[in-house]
file target.cif (mmCIF, C-alpha atoms)
data_my_file
loop_
_atom_site.label_atom_id
_atom_site.label_comp_id
_atom_site.auth_asym_id
_atom_site.auth_seq_id
_atom_site.Cartn_x
_atom_site.Cartn_y
_atom_site.Cartn_z
CA MET A 1 -21.22 -6.80 -1.82
CA THR A 2 -22.23 -10.17 -0.40
CA ASP A 3 -22.47 -11.91 -3.79
CA SER A 4 -18.91 -10.91 -4.64
CA PHE A 5 -17.17 -11.63 -1.34
CA ILE A 6 -16.79 -15.11 0.06
CA PRO A 7 -14.28 -15.06 2.94
CA SER A 8 -11.29 -17.39 2.63
CA GLY A 9 -10.13 -16.92 6.21
CA VAL A 10 -6.97 -15.07 5.14
CA VAL A 11 -6.21 -11.69 6.73
CA SER A 12 -3.26 -9.54 5.65
CA ILE A 13 -2.00 -6.75 7.91
CA THR A 14 -0.13 -3.62 6.81
CA THR A 15 0.99 -1.03 9.37
CA ASP A 16 3.69 1.49 10.24
CA PHE A 17 4.04 0.00 13.74
CA GLY A 18 7.41 -1.71 13.29
CA HIS A 19 8.21 -4.58 15.62
CA ARG A 20 9.11 -2.75 18.83
CA GLY A 21 6.45 -3.30 21.44
CA PRO A 22 3.34 -5.49 21.44
CA PHE A 23 1.22 -3.57 18.96
CA VAL A 24 1.24 -5.91 15.97
CA GLY A 25 1.00 -9.00 18.16
CA THR A 26 -1.94 -7.58 20.09
CA MET A 27 -3.86 -6.93 16.88
CA LYS A 28 -3.28 -10.52 15.81
CA GLY A 29 -4.52 -11.72 19.20
CA VAL A 30 -7.76 -9.77 18.80
CA ILE A 31 -8.29 -11.19 15.30
CA LEU A 32 -7.74 -14.73 16.58
CA ASN A 33 -10.14 -14.14 19.48
CA ARG A 34 -12.83 -13.35 16.91
CA PHE A 35 -11.75 -16.01 14.43
CA PRO A 36 -9.37 -18.69 15.78
CA GLU A 37 -8.97 -20.28 12.33
CA ALA A 38 -7.74 -17.05 10.72
CA LYS A 39 -4.61 -17.27 8.56
CA ILE A 40 -2.79 -14.02 9.26
CA ILE A 41 -0.16 -12.70 6.84
CA ASP A 42 2.13 -9.75 7.62
CA LEU A 43 2.38 -7.72 4.42
CA THR A 44 4.63 -5.13 6.07
CA HIS A 45 4.91 -3.30 9.37
CA GLU A 46 7.69 -1.04 8.11
CA ALA A 47 5.59 1.38 6.05
CA TYR A 48 6.82 4.94 6.43
CA VAL A 49 5.35 6.25 9.67
CA HIS A 50 2.43 8.69 9.50
CA TRP A 51 2.38 8.53 5.67
CA PRO A 52 -0.57 6.43 4.46
CA ALA A 53 0.52 6.76 0.83
CA GLU A 54 3.39 4.28 1.09
CA ALA A 55 1.25 1.65 2.80
CA GLY A 56 -1.35 2.11 0.08
CA PHE A 57 1.33 1.75 -2.60
CA TRP A 58 2.50 -1.59 -1.14
CA LEU A 59 -1.07 -2.83 -0.82
CA GLU A 60 -2.07 -1.81 -4.35
CA ARG A 61 0.98 -3.60 -5.77
CA SER A 62 0.62 -6.76 -3.65
CA PHE A 63 -3.03 -7.74 -3.18
CA ARG A 64 -3.31 -9.61 -6.48
CA TYR A 65 -1.00 -12.31 -5.12
CA PHE A 66 -3.51 -13.17 -2.37
CA PRO A 67 -6.41 -15.62 -2.67
CA THR A 68 -9.91 -14.44 -3.42
CA GLY A 69 -11.73 -13.82 -0.15
CA THR A 70 -8.79 -12.20 1.64
CA VAL A 71 -9.43 -9.34 4.09
CA HIS A 72 -6.65 -6.75 3.85
CA LEU A 73 -6.32 -4.67 7.02
CA ALA A 74 -4.14 -1.55 6.69
CA VAL A 75 -3.53 0.84 9.58
CA VAL A 76 -1.36 3.89 9.05
CA ASP A 77 -3.48 6.30 10.99
CA PRO A 78 -2.05 9.68 12.05
CA GLY A 79 -5.67 10.84 12.60
CA VAL A 80 -6.47 8.08 15.09
CA GLY A 81 -9.04 9.20 17.66
CA THR A 82 -10.36 12.04 15.50
CA ASP A 83 -13.58 12.01 13.49
CA ARG A 84 -11.92 10.53 10.37
CA SER A 85 -14.01 7.78 8.80
CA VAL A 86 -13.31 4.08 8.29
CA LEU A 87 -13.54 2.67 4.76
CA LEU A 88 -14.30 -0.80 3.48
CA ALA A 89 -13.62 -1.46 -0.21
CA LEU A 90 -14.37 -4.54 -2.31
CA ALA A 91 -12.31 -5.29 -5.40
CA ASP A 92 -11.68 -8.54 -7.27
CA GLY A 93 -13.37 -10.55 -4.52
CA GLN A 94 -11.11 -9.13 -1.79
CA LEU A 95 -11.91 -6.70 1.03
CA PHE A 96 -9.79 -3.73 2.09
CA LEU A 97 -10.23 -2.09 5.48
CA ALA A 98 -8.44 1.15 6.43
CA PRO A 99 -8.87 4.69 7.74
CA ASP A 100 -10.23 7.19 5.23
CA ASN A 101 -6.98 9.11 4.82
CA GLY A 102 -5.94 8.35 1.26
CA LEU A 103 -4.47 4.93 2.05
CA LEU A 104 -6.98 2.99 -0.06
CA ALA A 105 -7.31 5.52 -2.87
CA GLY A 106 -4.79 3.76 -5.12
CA VAL A 107 -6.51 0.39 -4.75
CA ILE A 108 -9.94 1.94 -5.31
CA GLU A 109 -8.87 3.87 -8.41
CA ALA A 110 -6.90 0.98 -9.92
CA THR A 111 -9.70 -1.57 -9.49
CA GLN A 112 -12.87 0.57 -9.56
CA ALA A 113 -13.68 -0.92 -6.17
CA SER A 114 -17.04 -0.63 -4.45
CA VAL A 115 -16.65 1.46 -1.29
CA ILE A 116 -18.59 1.60 1.97
CA LYS A 117 -18.09 4.29 4.59
CA ILE A 118 -18.62 2.43 7.85
CA ASP A 119 -21.36 3.73 10.14
CA ASP A 120 -19.92 4.07 13.64
CA ALA A 121 -23.21 2.86 15.11
CA LYS A 122 -22.75 -0.46 13.28
CA LEU A 123 -19.52 -1.08 15.19
CA VAL A 124 -21.33 -1.53 18.49
CA GLY A 125 -20.90 -5.15 19.45
CA ILE A 126 -18.04 -5.59 16.95
CA ALA A 127 -15.40 -3.21 18.30
CA LEU A 128 -13.93 -3.88 21.73
CA GLN A 129 -16.01 -2.51 24.58
CA SER A 130 -13.36 -0.02 25.62
CA VAL A 131 -11.93 1.86 22.61
CA SER A 132 -8.66 3.66 23.14
CA ALA A 133 -8.28 7.05 21.48
CA THR A 134 -4.79 6.02 20.31
CA PHE A 135 -5.08 2.36 19.22
CA HIS A 136 -7.99 1.84 16.86
CA GLY A 137 -5.91 -0.86 15.13
CA ARG A 138 -6.48 -3.10 18.14
CA ASP A 139 -9.89 -1.89 19.30
CA ILE A 140 -11.79 -1.32 16.04
CA PHE A 141 -9.93 -2.56 12.97
CA ALA A 142 -8.70 -5.92 14.29
CA PRO A 143 -12.06 -7.16 15.64
CA LEU A 144 -13.77 -5.92 12.48
CA ALA A 145 -11.23 -7.74 10.27
CA GLY A 146 -11.70 -10.95 12.24
CA SER A 147 -15.47 -10.71 12.03
CA LEU A 148 -15.38 -10.11 8.27
CA ALA A 149 -12.85 -12.88 7.62
CA SER A 150 -14.97 -15.39 9.53
CA GLY A 151 -18.18 -14.41 7.76
CA GLN A 152 -19.85 -13.40 11.03
CA VAL A 153 -20.33 -9.88 9.63
CA MET A 154 -21.31 -9.08 6.05
CA PRO A 155 -19.73 -6.02 4.45
CA GLU A 156 -22.98 -4.41 3.31
CA SER A 157 -24.34 -4.47 6.88
CA LEU A 158 -21.72 -1.94 8.01
CA GLY A 159 -22.75 1.18 6.12
CA GLU A 160 -23.83 2.75 2.87
CA PRO A 161 -21.99 2.83 -0.46
CA THR A 162 -20.07 6.05 -1.05
CA LEU A 163 -18.06 7.87 -3.68
CA ASP A 164 -16.81 10.33 -1.08
CA PHE A 165 -13.37 9.38 0.19
CA ILE A 166 -9.96 11.02 0.59
CA PRO A 167 -8.01 10.85 -2.70
CA SER A 168 -4.47 9.60 -3.03
CA LEU A 169 -1.75 11.77 -1.51
CA ILE A 170 0.54 10.87 -4.44
CA GLU A 171 0.16 12.72 -7.73
CA PRO A 172 0.48 10.34 -10.68
CA PRO A 173 3.43 10.72 -13.06
CA ASP A 174 2.84 13.37 -15.72
CA MET A 175 4.32 14.34 -19.06
CA ARG A 176 5.81 17.83 -19.23
CA GLY A 177 6.86 18.44 -22.77
CA LYS A 178 8.89 15.42 -23.83
CA ASN A 179 9.79 14.28 -20.30
CA LEU A 180 7.91 12.17 -17.78
CA HIS A 181 8.02 13.34 -14.15
CA GLY A 182 7.45 11.12 -11.13
CA ILE A 183 8.65 10.79 -7.55
CA VAL A 184 10.36 8.38 -5.19
CA ILE A 185 7.91 6.45 -3.03
CA THR A 186 10.39 4.63 -0.80
CA SER A 187 13.57 2.58 -0.68
CA ASP A 188 13.85 -1.07 0.26
CA ASN A 189 16.18 -2.96 2.58
CA PHE A 190 18.85 -3.06 -0.14
CA GLY A 191 18.76 0.69 -0.71
CA ASN A 192 16.96 0.31 -4.04
CA VAL A 193 14.91 3.42 -4.80
CA ILE A 194 11.30 2.64 -5.75
CA THR A 195 9.31 5.16 -7.78
CA ASN A 196 5.67 5.70 -8.72
CA ILE A 197 6.46 5.37 -12.44
CA ASP A 198 4.75 2.30 -13.85
CA GLN A 199 6.12 0.22 -16.70
CA ARG A 200 3.17 1.39 -18.81
CA ASP A 201 4.12 5.03 -18.23
CA ILE A 202 7.40 4.66 -20.10
CA SER A 203 5.89 2.98 -23.17
CA PRO A 204 6.16 6.20 -25.27
CA PHE A 205 9.96 6.10 -24.93
CA ASN A 206 12.13 4.01 -27.27
CA ASN A 207 15.25 4.34 -25.12
CA PRO A 208 14.25 5.58 -21.66
CA THR A 209 16.91 7.31 -19.58
CA ILE A 210 16.25 7.96 -15.89
CA HIS A 211 17.40 11.18 -14.21
CA ALA A 212 17.74 11.16 -10.42
CA GLY A 213 20.07 12.80 -7.91
CA GLY A 214 22.05 14.54 -10.65
CA HIS A 215 22.76 11.31 -12.53
CA GLU A 216 21.66 9.94 -15.89
CA ILE A 217 20.90 6.26 -15.39
CA PRO A 218 20.32 3.65 -18.09
CA LEU A 219 17.26 1.42 -18.02
CA LEU A 220 18.46 -2.20 -18.03
CA ARG A 221 16.96 -5.61 -17.28
CA THR A 222 18.45 -6.73 -13.96
CA TYR A 223 21.06 -5.98 -11.29
CA GLY A 224 23.78 -8.16 -12.83
CA ASP A 225 23.78 -6.11 -16.05
CA VAL A 226 26.27 -3.68 -14.48
CA ALA A 227 29.45 -4.07 -12.45
CA PRO A 228 29.31 -3.76 -8.64
CA GLY A 229 29.00 -0.13 -7.62
CA GLU A 230 27.40 1.03 -10.87
CA LEU A 231 23.93 2.56 -11.12
CA LEU A 232 21.09 1.20 -13.18
CA ALA A 233 17.34 1.53 -13.47
CA LEU A 234 15.01 -1.37 -14.11
CA VAL A 235 11.37 -2.41 -14.05
CA ASN A 236 11.12 -4.28 -10.76
CA SER A 237 8.86 -7.09 -9.61
CA LEU A 238 6.11 -4.55 -8.81
CA ASN A 239 6.22 -3.29 -12.42
CA VAL A 240 7.50 0.14 -11.43
CA ILE A 241 10.78 1.88 -12.15
CA GLU A 242 13.42 1.17 -9.54
CA ILE A 243 16.90 2.68 -9.31
CA ALA A 244 19.61 0.39 -7.95
CA CYS A 245 23.34 0.37 -7.39
CA ALA A 246 24.72 -3.13 -7.90
CA GLU A 247 25.64 -4.61 -4.50
CA GLN A 248 25.37 -1.16 -2.86
CA SER A 249 22.71 1.34 -1.78
CA ALA A 250 21.41 3.61 -4.53
CA ALA A 251 19.52 5.69 -1.96
CA GLU A 252 22.76 6.51 -0.12
CA LEU A 253 24.80 7.06 -3.27
CA LEU A 254 22.26 9.41 -4.84
CA GLY A 255 21.16 11.08 -1.59
CA ILE A 256 17.48 10.80 -2.53
CA GLY A 257 14.43 9.50 -0.72
CA ARG A 258 10.68 9.79 -0.31
CA GLY A 259 9.27 12.51 -2.57
CA SER A 260 12.45 13.14 -4.55
CA PRO A 261 11.87 13.94 -8.24
CA ILE A 262 12.48 11.36 -10.95
CA VAL A 263 12.52 12.28 -14.64
CA VAL A 264 12.39 9.98 -17.66
CA SER A 265 13.64 11.28 -21.02
CA GLU A 266 14.43 9.82 -24.42
CA GLY A 267 18.02 8.61 -24.44
CA GLN A 268 20.48 9.28 -27.22
#

call {"tool": "encode", "arguments": {"input": "target.cif", "output": "structure tokens"}}
result
Amino acid sequence: MTDSFIPSGVVSITTDFGHRGPFVGTMKGVILNRFPEAKIIDLTHEAYVHWPAEAGFWLERSFRYFPTGTVHLAVVDPGVGTDRSVLLALADGQLFLAPDNGLLAGVIEATQASVIKIDDAKLVGIALQSVSATFHGRDIFAPLAGSLASGQVMPESLGEPTLDFIPSLIEPPDMRGKNLHGIVITSDNFGNVITNIDQRDISPFNNPTIHAGGHEIPLLRTYGDVAPGELLALVNSLNVIEIACAEQSAAELLGIGRGSPIVVSEGQ
């Protein structure tokens, strides 16, 4: 892994911690203690709590906009303090560090990343001396991210390559007869509903129509293609199908959310 990873000093952080309390700030402090020159970027701290799949979805769809040599730290960790493993993946010259709970599966599968399962014994001298059973983000992941981003620790020194990791918790879209079935991953601050259906998945359709929450919704180009209050679907900036309601919340109007079914059919 050494030949393919040259640290740039950039560290991105993805969590479900929100911004109440000192948790995110404390992690940044630990990173800076290990590497004062680190450039820390908050990807999001509003990932759906206890559900690694959404954090992994954001990371998979965002990492390509970061410079080569970035360390991506992602902590959505309902199994914190248990014997779950820690993974380190290398893809496209970037490192990804997260619990082995399905969070990194999308990145690994999409990029054919090299994966290391970190040996706990290798963390001695890297992790903080006193490791809390409930805050590995601060005590293990943050010092490890800082050490990797600074080049003080090389990825291959932390464990052995593995093909054994928890798969994604999200089933990919699938064709059933003539229709494509997917799900809602999340909604954004505007109430736009974001699905797991990629632009490539709808290529078999000449005139895709989206079915969600009891509505048939046309696939258009952008929000201004309909009048305020009207529904539309579009391929968003992440290249996935999004359902929106112009100047309103599609999530509220449709009454759908995480895990809700989405169907694509051939329109008339």

call {"tool": "resolve_selection", "arguments": {"input": "target.cif", "expression": "the PyMOL selection byres ((chain A and resi 190) around 9)", "output": "PyMOL selection string"}}
result
chain A and resi 187-189+191-193+244+247-251

call {"tool": "write_last_selection", "arguments": {"input": "target.cif", "atoms": "C-alpha atoms", "output": "mmCIF file, keeping the file's coordinate frame"}}
result
data_model
loop_
_atom_site.group_PDB
_atom_site.id
_atom_site.type_symbol
_atom_site.label_atom_id
_atom_site.label_comp_id
_atom_site.auth_asym_id
_atom_site.auth_seq_id
_atom_site.Cartn_x
_atom_site.Cartn_y
_atom_site.Cartn_z
ATOM 1 C CA SER A 187 13.570 2.580 -0.680
ATOM 2 C CA ASP A 188 13.850 -1.070 0.260
ATOM 3 C CA ASN A 189 16.180 -2.960 2.580
ATOM 4 C CA GLY A 191 18.760 0.690 -0.710
ATOM 5 C CA ASN A 192 16.960 0.310 -4.040
ATOM 6 C CA VAL A 193 14.910 3.420 -4.800
ATOM 7 C CA ALA A 244 19.610 0.390 -7.950
ATOM 8 C CA GLU A 247 25.640 -4.610 -4.500
ATOM 9 C CA GLN A 248 25.370 -1.160 -2.860
ATOM 10 C CA SER A 249 22.710 1.340 -1.780
ATOM 11 C CA ALA A 250 21.410 3.610 -4.530
ATOM 12 C CA ALA A 251 19.520 5.690 -1.960
#

call {"tool": "closest_residue", "arguments": {"input": "target.cif", "among": "A:Gly29, A:Gly106, A:Gly146, A:Gly182", "to": "Gly259 of chain A", "atoms": "only C-alpha atoms"}}
result
A:Gly182

call {"tool": "residues_near_point", "arguments": {"input": "target.cif", "point": "(-5.9, 7.8, 14.3)", "cutoff": "8 Å", "atoms": "only C-alpha atoms", "output": "PyMOL selection string"}}
result
chain A and resi 76-82+84+99+133-136

call {"tool": "closest_residue", "arguments": {"input": "target.cif", "among": "A:Thr162, A:Asp120, A:Ile262, A:Phe23", "to": "Asp174 of chain A", "atoms": "only C-alpha atoms"}}
result
A:Ile262

call {"tool": "closest_atom_pairs", "arguments": {"input": "target.cif", "of": "segment 152-239 of chain A", "to": "segment 58-71 of chain A", "cutoff": "12 Å", "atoms": "all atoms listed in the file", "output": "tab-separated table"}}
result
residue	atom	partner	partner_atom	distance
A:Pro155	CA	A:Val71	CA	10.8
A:Ser168	CA	A:Glu60	CA	11.7
A:Ile185	CA	A:Trp58	CA	9.9
A:Thr186	CA	A:Trp58	CA	10.1
A:Ser187	CA	A:Trp58	CA	11.8
A:Asp188	CA	A:Trp58	CA	11.4
A:Ile194	CA	A:Trp58	CA	10.8
A:Thr195	CA	A:Trp58	CA	11.7
A:Asn196	CA	A:Arg61	CA	10.8
A:Asp198	CA	A:Arg61	CA	10.7
A:Asn236	CA	A:Arg61	CA	11.3
A:Ser237	CA	A:Arg61	CA	9.4
A:Leu238	CA	A:Arg61	CA	6.0
A:Asn239	CA	A:Arg61	CA	8.5

call {"tool": "atom_distance", "arguments": {"input": "target.cif", "atom1": "atom CA of Gly177 of chain A", "atom2": "atom CA of Leu254 of chain A"}}
result
25.3 Å

call {"tool": "closest_residue", "arguments": {"input": "target.cif", "among": "A:Ala91, A:Val49, A:Val124, A:Val240", "to": "Thr111 of chain A", "atoms": "all atoms listed in the file"}}
result
A:Ala91

call {"tool": "decode", "arguments": {"input": "target.cif", "residues": "segment 53-167 of chain A", "atoms": "C-alpha atoms", "output": "CSV table (one decimal), in the first residue's frame"}}
result
chain,number,residue,atom,x,y,z
A,53,ALA,CA,-25.1,2.6,5.4
A,54,GLU,CA,-26.0,6.2,4.9
A,55,ALA,CA,-22.5,7.4,6.0
A,56,GLY,CA,-21.0,5.0,3.5
A,57,PHE,CA,-23.3,6.2,0.8
A,58,TRP,CA,-22.2,9.8,1.3
A,59,LEU,CA,-18.5,8.8,1.4
A,60,GLU,CA,-18.7,6.7,-1.7
A,61,ARG,CA,-20.4,9.5,-3.6
A,62,SER,CA,-18.0,12.3,-2.3
A,63,PHE,CA,-14.4,11.0,-2.0
A,64,ARG,CA,-13.5,11.6,-5.7
A,65,TYR,CA,-13.7,15.4,-5.1
A,66,PHE,CA,-10.9,15.2,-2.6
A,67,PRO,CA,-7.1,15.3,-3.4
A,68,THR,CA,-5.1,12.2,-3.7
A,69,GLY,CA,-3.5,11.4,-0.4
A,70,THR,CA,-6.6,12.2,1.7
A,71,VAL,CA,-7.4,10.1,4.8
A,72,HIS,CA,-11.2,9.7,5.1
A,73,LEU,CA,-12.2,8.9,8.7
A,74,ALA,CA,-15.8,7.6,9.1
A,75,VAL,CA,-17.3,6.7,12.5
A,76,VAL,CA,-20.9,5.5,12.7
A,77,ASP,CA,-20.3,2.8,15.2
A,78,PRO,CA,-23.2,1.2,17.0
A,79,GLY,CA,-20.9,-1.7,17.9
A,80,VAL,CA,-18.4,0.6,19.7
A,81,GLY,CA,-16.6,-1.3,22.5
A,82,THR,CA,-17.4,-4.7,21.2
A,83,ASP,CA,-15.0,-7.0,19.3
A,84,ARG,CA,-15.9,-5.6,15.9
A,85,SER,CA,-12.8,-5.0,13.7
A,86,VAL,CA,-11.4,-1.8,12.3
A,87,LEU,CA,-10.8,-1.6,8.5
A,88,LEU,CA,-8.4,0.5,6.4
A,89,ALA,CA,-9.0,0.6,2.7
A,90,LEU,CA,-6.9,2.1,-0.1
A,91,ALA,CA,-8.5,3.2,-3.3
A,92,ASP,CA,-7.4,5.7,-6.0
A,93,GLY,CA,-4.6,6.9,-3.8
A,94,GLN,CA,-6.9,7.7,-0.8
A,95,LEU,CA,-7.3,5.9,2.5
A,96,PHE,CA,-10.6,5.1,4.2
A,97,LEU,CA,-10.7,4.3,8.0
A,98,ALA,CA,-13.9,3.0,9.6
A,99,PRO,CA,-15.4,0.2,11.8
A,100,ASP,CA,-16.0,-3.1,10.0
A,101,ASN,CA,-19.8,-2.8,10.0
A,102,GLY,CA,-20.7,-2.4,6.3
A,103,LEU,CA,-19.8,1.4,6.2
A,104,LEU,CA,-16.9,1.0,3.8
A,105,ALA,CA,-18.4,-1.8,1.7
A,106,GLY,CA,-19.8,0.5,-1.0
A,107,VAL,CA,-16.4,2.3,-1.4
A,108,ILE,CA,-14.6,-1.1,-1.5
A,109,GLU,CA,-16.9,-2.6,-4.1
A,110,ALA,CA,-17.1,0.5,-6.3
A,111,THR,CA,-13.3,0.9,-6.4
A,112,GLN,CA,-11.9,-2.6,-5.9
A,113,ALA,CA,-10.0,-1.2,-3.0
A,114,SER,CA,-7.2,-3.0,-1.1
A,115,VAL,CA,-8.3,-3.7,2.4
A,116,ILE,CA,-6.4,-4.2,5.7
A,117,LYS,CA,-8.0,-5.5,8.9
A,118,ILE,CA,-6.2,-3.6,11.6
A,119,ASP,CA,-4.4,-5.8,14.2
A,120,ASP,CA,-5.3,-4.4,17.6
A,121,ALA,CA,-1.8,-5.1,18.8
A,122,LYS,CA,-0.5,-2.6,16.2
A,123,LEU,CA,-2.5,0.2,17.8
A,124,VAL,CA,-0.4,0.2,21.0
A,125,GLY,CA,1.4,3.5,21.0
A,126,ILE,CA,-1.0,5.0,18.4
A,127,ALA,CA,-4.3,4.9,20.2
A,128,LEU,CA,-4.7,7.0,23.3
A,129,GLN,CA,-3.4,5.4,26.5
A,130,SER,CA,-6.9,5.2,28.1
A,131,VAL,CA,-9.5,3.9,25.6
A,132,SER,CA,-13.1,4.5,26.4
A,133,ALA,CA,-15.5,1.7,25.7
A,134,THR,CA,-17.9,4.3,24.2
A,135,PHE,CA,-15.7,6.7,22.2
A,136,HIS,CA,-13.4,5.0,19.9
A,137,GLY,CA,-13.7,7.9,17.5
A,138,ARG,CA,-11.6,10.0,19.9
A,139,ASP,CA,-9.4,7.3,21.4
A,140,ILE,CA,-8.6,5.0,18.4
A,141,PHE,CA,-9.8,6.4,15.1
A,142,ALA,CA,-8.7,10.1,15.5
A,143,PRO,CA,-5.1,9.4,16.6
A,144,LEU,CA,-4.8,6.7,13.9
A,145,ALA,CA,-6.1,9.2,11.2
A,146,GLY,CA,-3.7,11.8,12.3
A,147,SER,CA,-0.7,9.4,12.3
A,148,LEU,CA,-1.6,8.2,8.8
A,149,ALA,CA,-2.2,11.7,7.4
A,150,SER,CA,1.2,12.8,8.7
A,151,GLY,CA,3.0,9.8,7.3
A,152,GLN,CA,4.2,8.8,10.8
A,153,VAL,CA,2.4,5.4,10.3
A,154,MET,CA,2.3,3.4,7.1
A,155,PRO,CA,-0.9,1.6,6.2
A,156,GLU,CA,0.7,-1.8,5.6
A,157,SER,CA,2.3,-1.8,9.1
A,158,LEU,CA,-1.1,-2.0,10.7
A,159,GLY,CA,-2.3,-5.4,9.7
A,160,GLU,CA,-2.7,-8.0,7.0
A,161,PRO,CA,-4.7,-7.7,3.7
A,162,THR,CA,-8.1,-9.2,3.9
A,163,LEU,CA,-11.1,-10.1,1.8
A,164,ASP,CA,-13.2,-10.7,4.8
A,165,PHE,CA,-15.3,-7.7,5.8
A,166,ILE,CA,-19.0,-6.9,6.5
A,167,PRO,CA,-20.9,-6.4,3.2
